[in-house]
$ cat target_9.txt   # compact mmCIF, N, CA and C atoms
# COMPACT_ATOMS: atom_id res chain seq x y z
N MET A 1 0.83 -1.17 0.00
CA MET A 1 0.00 0.00 0.00
C MET A 1 0.89 1.24 0.00
N LYS A 2 0.63 2.17 -0.90
CA LYS A 2 1.39 3.42 -0.96
C LYS A 2 1.05 4.28 0.25
N GLN A 3 1.92 5.20 0.59
CA GLN A 3 1.69 6.09 1.72
C GLN A 3 0.36 6.83 1.57
N SER A 4 0.03 7.30 0.35
CA SER A 4 -1.21 8.05 0.14
C SER A 4 -2.45 7.17 0.34
N GLU A 5 -2.27 5.85 0.33
CA GLU A 5 -3.39 4.94 0.53
C GLU A 5 -3.40 4.33 1.92
N ALA A 6 -2.51 4.79 2.78
CA ALA A 6 -2.41 4.23 4.13
C ALA A 6 -3.73 4.43 4.87
N ARG A 7 -4.01 3.49 5.75
CA ARG A 7 -5.23 3.53 6.55
C ARG A 7 -4.84 3.75 8.00
N ASP A 8 -5.45 4.75 8.60
CA ASP A 8 -5.29 5.03 10.02
C ASP A 8 -6.68 5.00 10.65
N TRP A 9 -6.74 4.73 11.93
CA TRP A 9 -8.03 4.71 12.59
C TRP A 9 -7.88 5.14 14.05
N MET A 10 -9.01 5.53 14.63
CA MET A 10 -9.06 5.83 16.05
C MET A 10 -10.45 5.50 16.56
N ARG A 11 -10.51 5.24 17.85
CA ARG A 11 -11.78 4.90 18.49
C ARG A 11 -11.77 5.51 19.88
N MET A 12 -12.91 6.08 20.29
CA MET A 12 -13.00 6.61 21.65
C MET A 12 -14.44 6.56 22.14
N GLU A 13 -14.56 6.61 23.44
CA GLU A 13 -15.86 6.66 24.10
C GLU A 13 -15.86 7.89 24.98
N ILE A 14 -16.97 8.63 24.93
CA ILE A 14 -17.11 9.80 25.78
C ILE A 14 -18.46 9.76 26.48
N GLU A 15 -18.51 10.42 27.62
CA GLU A 15 -19.76 10.54 28.36
C GLU A 15 -20.74 11.39 27.55
N SER A 16 -22.00 11.00 27.57
CA SER A 16 -23.02 11.77 26.89
C SER A 16 -23.31 13.03 27.70
N SER A 17 -22.60 14.08 27.34
CA SER A 17 -22.72 15.37 28.02
C SER A 17 -22.42 16.46 27.01
N SER A 18 -23.17 17.53 27.04
CA SER A 18 -22.95 18.61 26.07
C SER A 18 -21.55 19.20 26.19
N ARG A 19 -20.93 19.09 27.36
CA ARG A 19 -19.58 19.64 27.52
C ARG A 19 -18.55 18.83 26.72
N ASN A 20 -18.88 17.63 26.30
CA ASN A 20 -17.96 16.79 25.52
C ASN A 20 -18.08 17.00 24.02
N GLU A 21 -19.06 17.79 23.59
CA GLU A 21 -19.25 18.03 22.16
C GLU A 21 -18.00 18.70 21.57
N GLU A 22 -17.47 19.71 22.25
CA GLU A 22 -16.29 20.40 21.75
C GLU A 22 -15.08 19.45 21.71
N PHE A 23 -14.93 18.62 22.74
CA PHE A 23 -13.83 17.66 22.78
C PHE A 23 -13.91 16.72 21.58
N ALA A 24 -15.11 16.23 21.27
CA ALA A 24 -15.28 15.31 20.15
C ALA A 24 -14.92 15.96 18.83
N ARG A 25 -15.38 17.17 18.61
CA ARG A 25 -15.11 17.81 17.31
C ARG A 25 -13.64 18.19 17.16
N VAL A 26 -12.99 18.62 18.24
CA VAL A 26 -11.56 18.95 18.17
C VAL A 26 -10.73 17.70 17.95
N THR A 27 -11.09 16.61 18.63
CA THR A 27 -10.38 15.35 18.45
C THR A 27 -10.50 14.87 17.00
N ALA A 28 -11.70 14.96 16.44
CA ALA A 28 -11.90 14.57 15.05
C ALA A 28 -11.06 15.44 14.12
N ALA A 29 -10.99 16.73 14.39
CA ALA A 29 -10.21 17.64 13.56
C ALA A 29 -8.71 17.31 13.62
N VAL A 30 -8.23 17.00 14.81
CA VAL A 30 -6.81 16.65 14.95
C VAL A 30 -6.51 15.36 14.19
N PHE A 31 -7.40 14.37 14.31
CA PHE A 31 -7.21 13.12 13.58
C PHE A 31 -7.25 13.38 12.07
N LEU A 32 -8.19 14.21 11.62
CA LEU A 32 -8.32 14.55 10.21
C LEU A 32 -7.07 15.25 9.67
N SER A 33 -6.36 15.95 10.53
CA SER A 33 -5.21 16.74 10.08
C SER A 33 -4.15 15.89 9.39
N ARG A 34 -4.17 14.58 9.58
CA ARG A 34 -3.23 13.68 8.89
C ARG A 34 -3.35 13.76 7.37
N LEU A 35 -4.52 14.18 6.91
CA LEU A 35 -4.76 14.26 5.47
C LEU A 35 -4.46 15.64 4.90
N ASP A 36 -3.92 16.54 5.73
CA ASP A 36 -3.59 17.90 5.32
C ASP A 36 -4.80 18.60 4.69
N PRO A 37 -5.91 18.67 5.43
CA PRO A 37 -7.12 19.30 4.90
C PRO A 37 -7.02 20.82 4.87
N THR A 38 -7.89 21.42 4.10
CA THR A 38 -8.01 22.88 4.12
C THR A 38 -8.75 23.27 5.39
N LEU A 39 -8.70 24.55 5.73
CA LEU A 39 -9.43 25.05 6.89
C LEU A 39 -10.93 24.83 6.71
N GLU A 40 -11.41 25.00 5.50
CA GLU A 40 -12.83 24.78 5.21
C GLU A 40 -13.22 23.31 5.45
N GLU A 41 -12.37 22.38 5.01
CA GLU A 41 -12.65 20.96 5.24
C GLU A 41 -12.67 20.63 6.73
N ILE A 42 -11.73 21.20 7.47
CA ILE A 42 -11.70 20.98 8.92
C ILE A 42 -12.98 21.50 9.56
N ASN A 43 -13.39 22.71 9.19
CA ASN A 43 -14.61 23.29 9.76
C ASN A 43 -15.85 22.50 9.38
N ASP A 44 -15.89 21.98 8.16
CA ASP A 44 -17.02 21.14 7.74
C ASP A 44 -17.15 19.91 8.64
N VAL A 45 -16.03 19.23 8.84
CA VAL A 45 -16.04 18.02 9.67
C VAL A 45 -16.39 18.36 11.11
N LYS A 46 -15.83 19.42 11.64
CA LYS A 46 -16.12 19.80 13.02
C LYS A 46 -17.61 20.11 13.20
N THR A 47 -18.21 20.79 12.24
CA THR A 47 -19.64 21.10 12.33
C THR A 47 -20.48 19.84 12.30
N ALA A 48 -20.16 18.92 11.39
CA ALA A 48 -20.92 17.68 11.28
C ALA A 48 -20.79 16.84 12.54
N VAL A 49 -19.58 16.73 13.08
CA VAL A 49 -19.35 15.96 14.31
C VAL A 49 -20.11 16.59 15.47
N SER A 50 -20.06 17.90 15.55
CA SER A 50 -20.78 18.62 16.60
C SER A 50 -22.28 18.30 16.56
N GLU A 51 -22.85 18.32 15.37
CA GLU A 51 -24.28 18.03 15.23
C GLU A 51 -24.60 16.59 15.63
N ALA A 52 -23.77 15.64 15.20
CA ALA A 52 -24.02 14.23 15.52
C ALA A 52 -23.92 13.97 17.02
N VAL A 53 -22.90 14.52 17.66
CA VAL A 53 -22.73 14.33 19.11
C VAL A 53 -23.88 14.99 19.86
N THR A 54 -24.26 16.18 19.45
CA THR A 54 -25.38 16.87 20.09
C THR A 54 -26.67 16.05 19.96
N ASN A 55 -26.89 15.43 18.80
CA ASN A 55 -28.07 14.57 18.64
C ASN A 55 -28.05 13.41 19.64
N CYS A 56 -26.88 12.83 19.86
CA CYS A 56 -26.77 11.74 20.83
C CYS A 56 -27.17 12.22 22.22
N VAL A 57 -26.64 13.36 22.61
CA VAL A 57 -26.90 13.90 23.95
C VAL A 57 -28.37 14.27 24.13
N ILE A 58 -28.89 15.06 23.19
CA ILE A 58 -30.24 15.62 23.32
C ILE A 58 -31.33 14.60 23.01
N HIS A 59 -31.16 13.88 21.91
CA HIS A 59 -32.23 12.98 21.46
C HIS A 59 -32.00 11.53 21.87
N GLY A 60 -30.77 11.05 21.70
CA GLY A 60 -30.48 9.66 22.02
C GLY A 60 -30.66 9.35 23.50
N TYR A 61 -30.01 10.15 24.32
CA TYR A 61 -30.07 9.92 25.76
C TYR A 61 -30.96 10.92 26.49
N GLU A 62 -31.59 11.81 25.73
CA GLU A 62 -32.49 12.81 26.29
C GLU A 62 -31.88 13.55 27.48
N GLY A 63 -30.59 13.88 27.35
CA GLY A 63 -29.90 14.62 28.39
C GLY A 63 -29.46 13.79 29.58
N GLY A 64 -29.76 12.49 29.55
CA GLY A 64 -29.39 11.61 30.66
C GLY A 64 -28.04 10.96 30.44
N ALA A 65 -27.71 10.04 31.32
CA ALA A 65 -26.43 9.34 31.26
C ALA A 65 -26.36 8.40 30.07
N GLY A 66 -25.16 8.23 29.54
CA GLY A 66 -24.94 7.32 28.44
C GLY A 66 -23.54 7.49 27.90
N VAL A 67 -23.21 6.66 26.95
CA VAL A 67 -21.88 6.69 26.33
C VAL A 67 -22.06 6.96 24.83
N ILE A 68 -21.20 7.82 24.31
CA ILE A 68 -21.17 8.09 22.88
C ILE A 68 -19.88 7.46 22.34
N TYR A 69 -20.03 6.66 21.29
CA TYR A 69 -18.92 5.91 20.70
C TYR A 69 -18.54 6.59 19.39
N ILE A 70 -17.27 6.92 19.24
CA ILE A 70 -16.80 7.59 18.04
C ILE A 70 -15.67 6.78 17.43
N GLU A 71 -15.81 6.48 16.15
CA GLU A 71 -14.77 5.77 15.41
C GLU A 71 -14.50 6.56 14.15
N ALA A 72 -13.23 6.73 13.83
CA ALA A 72 -12.87 7.44 12.60
C ALA A 72 -11.75 6.69 11.91
N GLN A 73 -11.71 6.84 10.61
CA GLN A 73 -10.61 6.25 9.85
C GLN A 73 -10.34 7.08 8.61
N THR A 74 -9.11 6.98 8.16
CA THR A 74 -8.74 7.57 6.89
C THR A 74 -8.24 6.43 6.01
N GLU A 75 -8.57 6.54 4.76
CA GLU A 75 -8.06 5.58 3.77
C GLU A 75 -7.85 6.35 2.49
N GLY A 76 -6.59 6.48 2.11
CA GLY A 76 -6.30 7.36 0.99
C GLY A 76 -6.70 8.77 1.37
N ARG A 77 -7.56 9.40 0.58
CA ARG A 77 -8.03 10.77 0.84
C ARG A 77 -9.41 10.78 1.50
N ASP A 78 -9.94 9.61 1.83
CA ASP A 78 -11.28 9.53 2.44
C ASP A 78 -11.20 9.58 3.96
N PHE A 79 -12.06 10.38 4.55
CA PHE A 79 -12.22 10.45 5.99
C PHE A 79 -13.62 9.94 6.31
N VAL A 80 -13.70 8.95 7.19
CA VAL A 80 -15.00 8.38 7.58
C VAL A 80 -15.08 8.42 9.09
N ILE A 81 -16.21 8.92 9.59
CA ILE A 81 -16.42 8.97 11.03
C ILE A 81 -17.80 8.44 11.35
N SER A 82 -17.85 7.63 12.40
CA SER A 82 -19.10 7.02 12.86
C SER A 82 -19.32 7.46 14.31
N ILE A 83 -20.51 7.96 14.59
CA ILE A 83 -20.86 8.41 15.93
C ILE A 83 -22.13 7.66 16.33
N ARG A 84 -22.04 6.96 17.47
CA ARG A 84 -23.11 6.04 17.85
C ARG A 84 -23.50 6.21 19.32
N ASP A 85 -24.79 6.04 19.56
CA ASP A 85 -25.28 5.99 20.95
C ASP A 85 -26.10 4.72 21.13
N GLU A 86 -26.38 4.41 22.36
CA GLU A 86 -27.24 3.26 22.69
C GLU A 86 -28.50 3.77 23.38
N GLY A 87 -28.98 4.89 22.89
CA GLY A 87 -30.13 5.56 23.47
C GLY A 87 -31.45 5.06 22.92
N LYS A 88 -32.41 5.98 22.84
CA LYS A 88 -33.78 5.58 22.52
C LYS A 88 -34.02 5.24 21.05
N GLY A 89 -33.12 5.64 20.17
CA GLY A 89 -33.28 5.33 18.75
C GLY A 89 -34.29 6.25 18.08
N ILE A 90 -34.43 6.06 16.78
CA ILE A 90 -35.32 6.90 15.97
C ILE A 90 -36.39 6.02 15.35
N GLU A 91 -37.64 6.38 15.56
CA GLU A 91 -38.77 5.62 15.00
C GLU A 91 -38.79 5.68 13.46
N ASP A 92 -38.63 6.89 12.90
CA ASP A 92 -38.76 7.09 11.46
C ASP A 92 -37.55 7.92 10.99
N VAL A 93 -36.50 7.24 10.54
CA VAL A 93 -35.26 7.91 10.15
C VAL A 93 -35.50 8.89 9.00
N ALA A 94 -36.26 8.49 7.99
CA ALA A 94 -36.50 9.38 6.85
C ALA A 94 -37.15 10.68 7.30
N ARG A 95 -38.11 10.59 8.18
CA ARG A 95 -38.78 11.80 8.68
C ARG A 95 -37.82 12.63 9.53
N ALA A 96 -37.03 11.97 10.38
CA ALA A 96 -36.09 12.68 11.24
C ALA A 96 -35.05 13.45 10.43
N MET A 97 -34.76 12.99 9.22
CA MET A 97 -33.75 13.64 8.39
C MET A 97 -34.32 14.79 7.54
N GLU A 98 -35.63 15.00 7.61
CA GLU A 98 -36.23 16.11 6.89
C GLU A 98 -35.82 17.43 7.54
N PRO A 99 -35.47 18.43 6.71
CA PRO A 99 -35.12 19.74 7.28
C PRO A 99 -36.27 20.29 8.13
N MET A 100 -35.92 20.87 9.25
CA MET A 100 -36.84 21.51 10.18
C MET A 100 -37.64 20.53 11.05
N TYR A 101 -37.49 19.22 10.84
CA TYR A 101 -38.19 18.28 11.72
C TYR A 101 -37.41 18.13 13.02
N THR A 102 -38.11 18.21 14.13
CA THR A 102 -37.50 17.94 15.42
C THR A 102 -38.52 17.27 16.33
N SER A 103 -38.03 16.39 17.16
CA SER A 103 -38.90 15.76 18.16
C SER A 103 -38.89 16.56 19.46
N ASP A 104 -38.10 17.63 19.49
CA ASP A 104 -37.99 18.48 20.67
C ASP A 104 -39.28 19.28 20.86
N THR A 105 -39.86 19.17 22.02
CA THR A 105 -41.12 19.88 22.29
C THR A 105 -40.91 21.21 23.01
N THR A 106 -39.67 21.53 23.35
CA THR A 106 -39.39 22.78 24.08
C THR A 106 -39.28 23.98 23.16
N GLY A 107 -39.10 23.74 21.86
CA GLY A 107 -38.93 24.84 20.92
C GLY A 107 -37.50 25.36 20.86
N GLU A 108 -36.59 24.68 21.54
CA GLU A 108 -35.20 25.12 21.57
C GLU A 108 -34.38 24.57 20.40
N ARG A 109 -34.86 23.56 19.73
CA ARG A 109 -34.10 22.89 18.65
C ARG A 109 -34.69 23.25 17.30
N SER A 110 -33.81 23.43 16.30
CA SER A 110 -34.27 23.87 14.97
C SER A 110 -34.63 22.73 14.04
N GLY A 111 -34.17 21.51 14.33
CA GLY A 111 -34.44 20.41 13.43
C GLY A 111 -33.54 20.40 12.21
N MET A 112 -32.37 21.02 12.31
CA MET A 112 -31.47 21.11 11.16
C MET A 112 -30.22 20.27 11.30
N GLY A 113 -30.10 19.46 12.35
CA GLY A 113 -28.89 18.68 12.59
C GLY A 113 -28.49 17.80 11.43
N PHE A 114 -29.41 16.95 10.97
CA PHE A 114 -29.07 16.05 9.85
C PHE A 114 -28.83 16.86 8.57
N SER A 115 -29.57 17.94 8.38
CA SER A 115 -29.37 18.78 7.19
C SER A 115 -27.96 19.37 7.17
N PHE A 116 -27.48 19.83 8.34
CA PHE A 116 -26.12 20.35 8.41
C PHE A 116 -25.10 19.25 8.12
N MET A 117 -25.33 18.06 8.68
CA MET A 117 -24.40 16.96 8.42
C MET A 117 -24.32 16.67 6.92
N GLU A 118 -25.49 16.63 6.27
CA GLU A 118 -25.53 16.35 4.83
C GLU A 118 -24.90 17.49 4.02
N ALA A 119 -25.03 18.72 4.48
CA ALA A 119 -24.48 19.86 3.75
C ALA A 119 -22.95 19.89 3.82
N PHE A 120 -22.39 19.45 4.95
CA PHE A 120 -20.95 19.58 5.15
C PHE A 120 -20.15 18.31 4.84
N MET A 121 -20.82 17.19 4.69
CA MET A 121 -20.14 15.93 4.39
C MET A 121 -20.60 15.43 3.03
N ASP A 122 -19.82 14.54 2.41
CA ASP A 122 -20.19 14.00 1.10
C ASP A 122 -21.26 12.93 1.20
N GLU A 123 -21.21 12.15 2.27
CA GLU A 123 -22.19 11.08 2.47
C GLU A 123 -22.57 11.02 3.95
N VAL A 124 -23.84 10.77 4.21
CA VAL A 124 -24.33 10.59 5.57
C VAL A 124 -25.29 9.41 5.55
N ALA A 125 -25.05 8.43 6.42
CA ALA A 125 -25.94 7.28 6.55
C ALA A 125 -26.35 7.18 8.02
N VAL A 126 -27.64 6.92 8.23
CA VAL A 126 -28.17 6.81 9.58
C VAL A 126 -28.80 5.43 9.73
N ASP A 127 -28.37 4.72 10.76
CA ASP A 127 -28.92 3.41 11.10
C ASP A 127 -29.43 3.51 12.52
N SER A 128 -30.71 3.22 12.71
CA SER A 128 -31.28 3.37 14.05
C SER A 128 -32.35 2.33 14.30
N GLN A 129 -32.43 1.91 15.54
CA GLN A 129 -33.47 0.99 15.98
C GLN A 129 -34.05 1.52 17.27
N PRO A 130 -35.37 1.71 17.33
CA PRO A 130 -35.98 2.19 18.57
C PRO A 130 -35.59 1.31 19.76
N GLY A 131 -35.18 1.97 20.82
CA GLY A 131 -34.78 1.27 22.03
C GLY A 131 -33.36 0.72 22.01
N ARG A 132 -32.67 0.84 20.89
CA ARG A 132 -31.32 0.27 20.78
C ARG A 132 -30.25 1.28 20.38
N GLY A 133 -30.67 2.44 19.91
CA GLY A 133 -29.70 3.47 19.59
C GLY A 133 -29.60 3.81 18.12
N THR A 134 -28.66 4.71 17.85
CA THR A 134 -28.48 5.26 16.51
C THR A 134 -27.01 5.36 16.17
N ARG A 135 -26.68 5.06 14.92
CA ARG A 135 -25.32 5.24 14.39
C ARG A 135 -25.41 6.15 13.17
N VAL A 136 -24.61 7.22 13.19
CA VAL A 136 -24.50 8.12 12.05
C VAL A 136 -23.09 7.94 11.49
N THR A 137 -23.00 7.58 10.22
CA THR A 137 -21.71 7.40 9.57
C THR A 137 -21.60 8.45 8.47
N MET A 138 -20.50 9.22 8.52
CA MET A 138 -20.31 10.31 7.58
C MET A 138 -18.97 10.16 6.86
N LYS A 139 -18.96 10.55 5.61
CA LYS A 139 -17.74 10.40 4.79
C LYS A 139 -17.47 11.72 4.07
N LYS A 140 -16.17 12.03 3.96
CA LYS A 140 -15.76 13.23 3.22
C LYS A 140 -14.44 12.94 2.51
N LYS A 141 -14.39 13.29 1.24
CA LYS A 141 -13.16 13.21 0.45
C LYS A 141 -12.38 14.50 0.72
N ILE A 142 -11.13 14.36 1.13
CA ILE A 142 -10.30 15.50 1.48
C ILE A 142 -9.35 15.83 0.32
N GLY A 143 -9.26 17.11 -0.02
CA GLY A 143 -8.33 17.55 -1.06
C GLY A 143 -8.80 17.22 -2.45
N ARG A 144 -9.97 17.65 -2.78
CA ARG A 144 -10.53 17.35 -4.11
C ARG A 144 -9.69 17.89 -5.22
$ encode --input "target_9.txt" --output "structure tokens"
Amino acid sequence: MKQSEARDWMRMEIESSSRNEEFARVTAAVFLSRLDPTLEEINDVKTAVSEAVTNCVIHGYEGGAGVIYIEAQTEGRDFVISIRDEGKGIEDVARAMEPMYTSDTTGERSGMGFSFMEAFMDEVAVDSQPGRGTRVTMKKKIGR
């Protein structure tokens, strides 16, 4: 395998707490730096990671205790990150991914989390089972 095709990976677990959102996005950005991304690419990934982690905290665990699992890898110029919770899951993934849809009844959430992830990443896949949790896997080609 050539150096440009080398595969690196990382895995971490963090407490489901809004204070860990910044830690998760900065860690992802540092890991991504191996691919020598532009500042725009770094900010795109940080925004997407922030949204996914926030979804775990707010919707997955509803602000309660839990663990958020983050796995990232690079292969060639591809960056892939998976963010998973073992929370309540999503009943209707297609509906949840619609812009402006939110299950939040307080009026504090805009319902744009998945839309932001899709806008800033090349691919977004959501796998969820009610009562078992949700996994969001996002991919971005670095250095087009």
$ atom_distance --input "target_9.txt" --atom1 "atom N of Val53 (chain A)" --atom2 "atom C of Arg11 (chain A)"
14.5 Å
$ atom_distance --input "target_9.txt" --atom1 "CA of Thr27 (chain A)" --atom2 "atom C of Ala94 (chain A)"
29.4 Å
$ closest_residue --input "target_9.txt" --among "A:Ser17, A:Gln73, A:Asn55, A:Thr137" --to "Asp122 (chain A)" --atoms "only C-alpha atoms"
A:Thr137
$ residues_around --input "target_9.txt" --residues "Met12 (chain A)" --least-positions-apart "3" --cutoff "7 Å" --atoms "only N, CA and C atoms" --output "list in words"
Ile68, Tyr69, Ile70, Glu71 and Ala72 of chain A
$ select_by_dssp --input "target_9.txt" --residues "chain A" --states "alpha helix (DSSP H)" --output "mmCIF file with N, CA and C atoms, in the frame of the given file"
data_model
loop_
_atom_site.group_PDB
_atom_site.id
_atom_site.type_symbol
_atom_site.label_atom_id
_atom_site.label_comp_id
_atom_site.auth_asym_id
_atom_site.auth_seq_id
_atom_site.Cartn_x
_atom_site.Cartn_y
_atom_site.Cartn_z
ATOM 1 N N GLU A 21 -19.060 17.790 23.590
ATOM 2 C CA GLU A 21 -19.250 18.030 22.160
ATOM 3 C C GLU A 21 -18.000 18.700 21.570
ATOM 4 N N GLU A 22 -17.470 19.710 22.250
ATOM 5 C CA GLU A 22 -16.290 20.400 21.750
ATOM 6 C C GLU A 22 -15.080 19.450 21.710
ATOM 7 N N PHE A 23 -14.930 18.620 22.740
ATOM 8 C CA PHE A 23 -13.830 17.660 22.780
ATOM 9 C C PHE A 23 -13.910 16.720 21.580
ATOM 10 N N ALA A 24 -15.110 16.230 21.270
ATOM 11 C CA ALA A 24 -15.280 15.310 20.150
ATOM 12 C C ALA A 24 -14.920 15.960 18.830
ATOM 13 N N ARG A 25 -15.380 17.170 18.610
ATOM 14 C CA ARG A 25 -15.110 17.810 17.310
ATOM 15 C C ARG A 25 -13.640 18.190 17.160
ATOM 16 N N VAL A 26 -12.990 18.620 18.240
ATOM 17 C CA VAL A 26 -11.560 18.950 18.170
ATOM 18 C C VAL A 26 -10.730 17.700 17.950
ATOM 19 N N THR A 27 -11.090 16.610 18.630
ATOM 20 C CA THR A 27 -10.380 15.350 18.450
ATOM 21 C C THR A 27 -10.500 14.870 17.000
ATOM 22 N N ALA A 28 -11.700 14.960 16.440
ATOM 23 C CA ALA A 28 -11.900 14.570 15.050
ATOM 24 C C ALA A 28 -11.060 15.440 14.120
ATOM 25 N N ALA A 29 -10.990 16.730 14.390
ATOM 26 C CA ALA A 29 -10.210 17.640 13.560
ATOM 27 C C ALA A 29 -8.710 17.310 13.620
ATOM 28 N N VAL A 30 -8.230 17.000 14.810
ATOM 29 C CA VAL A 30 -6.810 16.650 14.950
ATOM 30 C C VAL A 30 -6.510 15.360 14.190
ATOM 31 N N PHE A 31 -7.400 14.370 14.310
ATOM 32 C CA PHE A 31 -7.210 13.120 13.580
ATOM 33 C C PHE A 31 -7.250 13.380 12.070
ATOM 34 N N LEU A 32 -8.190 14.210 11.620
ATOM 35 C CA LEU A 32 -8.320 14.550 10.210
ATOM 36 C C LEU A 32 -7.070 15.250 9.670
ATOM 37 N N LEU A 39 -8.700 24.550 5.730
ATOM 38 C CA LEU A 39 -9.430 25.050 6.890
ATOM 39 C C LEU A 39 -10.930 24.830 6.710
ATOM 40 N N GLU A 40 -11.410 25.000 5.500
ATOM 41 C CA GLU A 40 -12.830 24.780 5.210
ATOM 42 C C GLU A 40 -13.220 23.310 5.450
ATOM 43 N N GLU A 41 -12.370 22.380 5.010
ATOM 44 C CA GLU A 41 -12.650 20.960 5.240
ATOM 45 C C GLU A 41 -12.670 20.630 6.730
ATOM 46 N N ILE A 42 -11.730 21.200 7.470
ATOM 47 C CA ILE A 42 -11.700 20.980 8.920
ATOM 48 C C ILE A 42 -12.980 21.500 9.560
ATOM 49 N N ASN A 43 -13.390 22.710 9.190
ATOM 50 C CA ASN A 43 -14.610 23.290 9.760
ATOM 51 C C ASN A 43 -15.850 22.500 9.380
ATOM 52 N N ASP A 44 -15.890 21.980 8.160
ATOM 53 C CA ASP A 44 -17.020 21.140 7.740
ATOM 54 C C ASP A 44 -17.150 19.910 8.640
ATOM 55 N N VAL A 45 -16.030 19.230 8.840
ATOM 56 C CA VAL A 45 -16.040 18.020 9.670
ATOM 57 C C VAL A 45 -16.390 18.360 11.110
ATOM 58 N N LYS A 46 -15.830 19.420 11.640
ATOM 59 C CA LYS A 46 -16.120 19.800 13.020
ATOM 60 C C LYS A 46 -17.610 20.110 13.200
ATOM 61 N N THR A 47 -18.210 20.790 12.240
ATOM 62 C CA THR A 47 -19.640 21.100 12.330
ATOM 63 C C THR A 47 -20.480 19.840 12.300
ATOM 64 N N ALA A 48 -20.160 18.920 11.390
ATOM 65 C CA ALA A 48 -20.920 17.680 11.280
ATOM 66 C C ALA A 48 -20.790 16.840 12.540
ATOM 67 N N VAL A 49 -19.580 16.730 13.080
ATOM 68 C CA VAL A 49 -19.350 15.960 14.310
ATOM 69 C C VAL A 49 -20.110 16.590 15.470
ATOM 70 N N SER A 50 -20.060 17.900 15.550
ATOM 71 C CA SER A 50 -20.780 18.620 16.600
ATOM 72 C C SER A 50 -22.280 18.300 16.560
ATOM 73 N N GLU A 51 -22.850 18.320 15.370
ATOM 74 C CA GLU A 51 -24.280 18.030 15.230
ATOM 75 C C GLU A 51 -24.600 16.590 15.630
ATOM 76 N N ALA A 52 -23.770 15.640 15.200
ATOM 77 C CA ALA A 52 -24.020 14.230 15.520
ATOM 78 C C ALA A 52 -23.920 13.970 17.020
ATOM 79 N N VAL A 53 -22.900 14.520 17.660
ATOM 80 C CA VAL A 53 -22.730 14.330 19.110
ATOM 81 C C VAL A 53 -23.880 14.990 19.860
ATOM 82 N N THR A 54 -24.260 16.180 19.450
ATOM 83 C CA THR A 54 -25.380 16.870 20.090
ATOM 84 C C THR A 54 -26.670 16.050 19.960
ATOM 85 N N ASN A 55 -26.890 15.430 18.800
ATOM 86 C CA ASN A 55 -28.070 14.570 18.640
ATOM 87 C C ASN A 55 -28.050 13.410 19.640
ATOM 88 N N VAL A 93 -36.500 7.240 10.540
ATOM 89 C CA VAL A 93 -35.260 7.910 10.150
ATOM 90 C C VAL A 93 -35.500 8.890 9.000
ATOM 91 N N ALA A 94 -36.260 8.490 7.990
ATOM 92 C CA ALA A 94 -36.500 9.380 6.850
ATOM 93 C C ALA A 94 -37.150 10.680 7.300
ATOM 94 N N ARG A 95 -38.110 10.590 8.180
ATOM 95 C CA ARG A 95 -38.780 11.800 8.680
ATOM 96 C C ARG A 95 -37.820 12.630 9.530
ATOM 97 N N ALA A 96 -37.030 11.970 10.380
ATOM 98 C CA ALA A 96 -36.090 12.680 11.240
ATOM 99 C C ALA A 96 -35.050 13.450 10.430
ATOM 100 N N GLY A 113 -30.100 19.460 12.350
ATOM 101 C CA GLY A 113 -28.890 18.680 12.590
ATOM 102 C C GLY A 113 -28.490 17.800 11.430
ATOM 103 N N PHE A 114 -29.410 16.950 10.970
ATOM 104 C CA PHE A 114 -29.070 16.050 9.850
ATOM 105 C C PHE A 114 -28.830 16.860 8.570
ATOM 106 N N SER A 115 -29.570 17.940 8.380
ATOM 107 C CA SER A 115 -29.370 18.780 7.190
ATOM 108 C C SER A 115 -27.960 19.370 7.170
ATOM 109 N N PHE A 116 -27.480 19.830 8.340
ATOM 110 C CA PHE A 116 -26.120 20.350 8.410
ATOM 111 C C PHE A 116 -25.100 19.250 8.120
ATOM 112 N N MET A 117 -25.330 18.060 8.680
ATOM 113 C CA MET A 117 -24.400 16.960 8.420
ATOM 114 C C MET A 117 -24.320 16.670 6.920
ATOM 115 N N GLU A 118 -25.490 16.630 6.270
ATOM 116 C CA GLU A 118 -25.530 16.350 4.830
ATOM 117 C C GLU A 118 -24.900 17.490 4.020
ATOM 118 N N ALA A 119 -25.030 18.720 4.480
ATOM 119 C CA ALA A 119 -24.480 19.860 3.750
ATOM 120 C C ALA A 119 -22.950 19.890 3.820
ATOM 121 N N PHE A 120 -22.390 19.450 4.950
ATOM 122 C CA PHE A 120 -20.950 19.580 5.150
ATOM 123 C C PHE A 120 -20.150 18.310 4.840
#
$ closest_residue --input "target_9.txt" --among "A:Ser16, A:Ser82, A:Thr38, A:Asn43" --to "Ala65 (chain A)" --atoms "only N, CA and C atoms"
A:Ser16
$ closest_residue --input "target_9.txt" --among "A:Glu98, A:Asp92, A:Asp44, A:Glu86" --to "Tyr61 (chain A)" --atoms "all atoms listed in the file"
A:Glu86
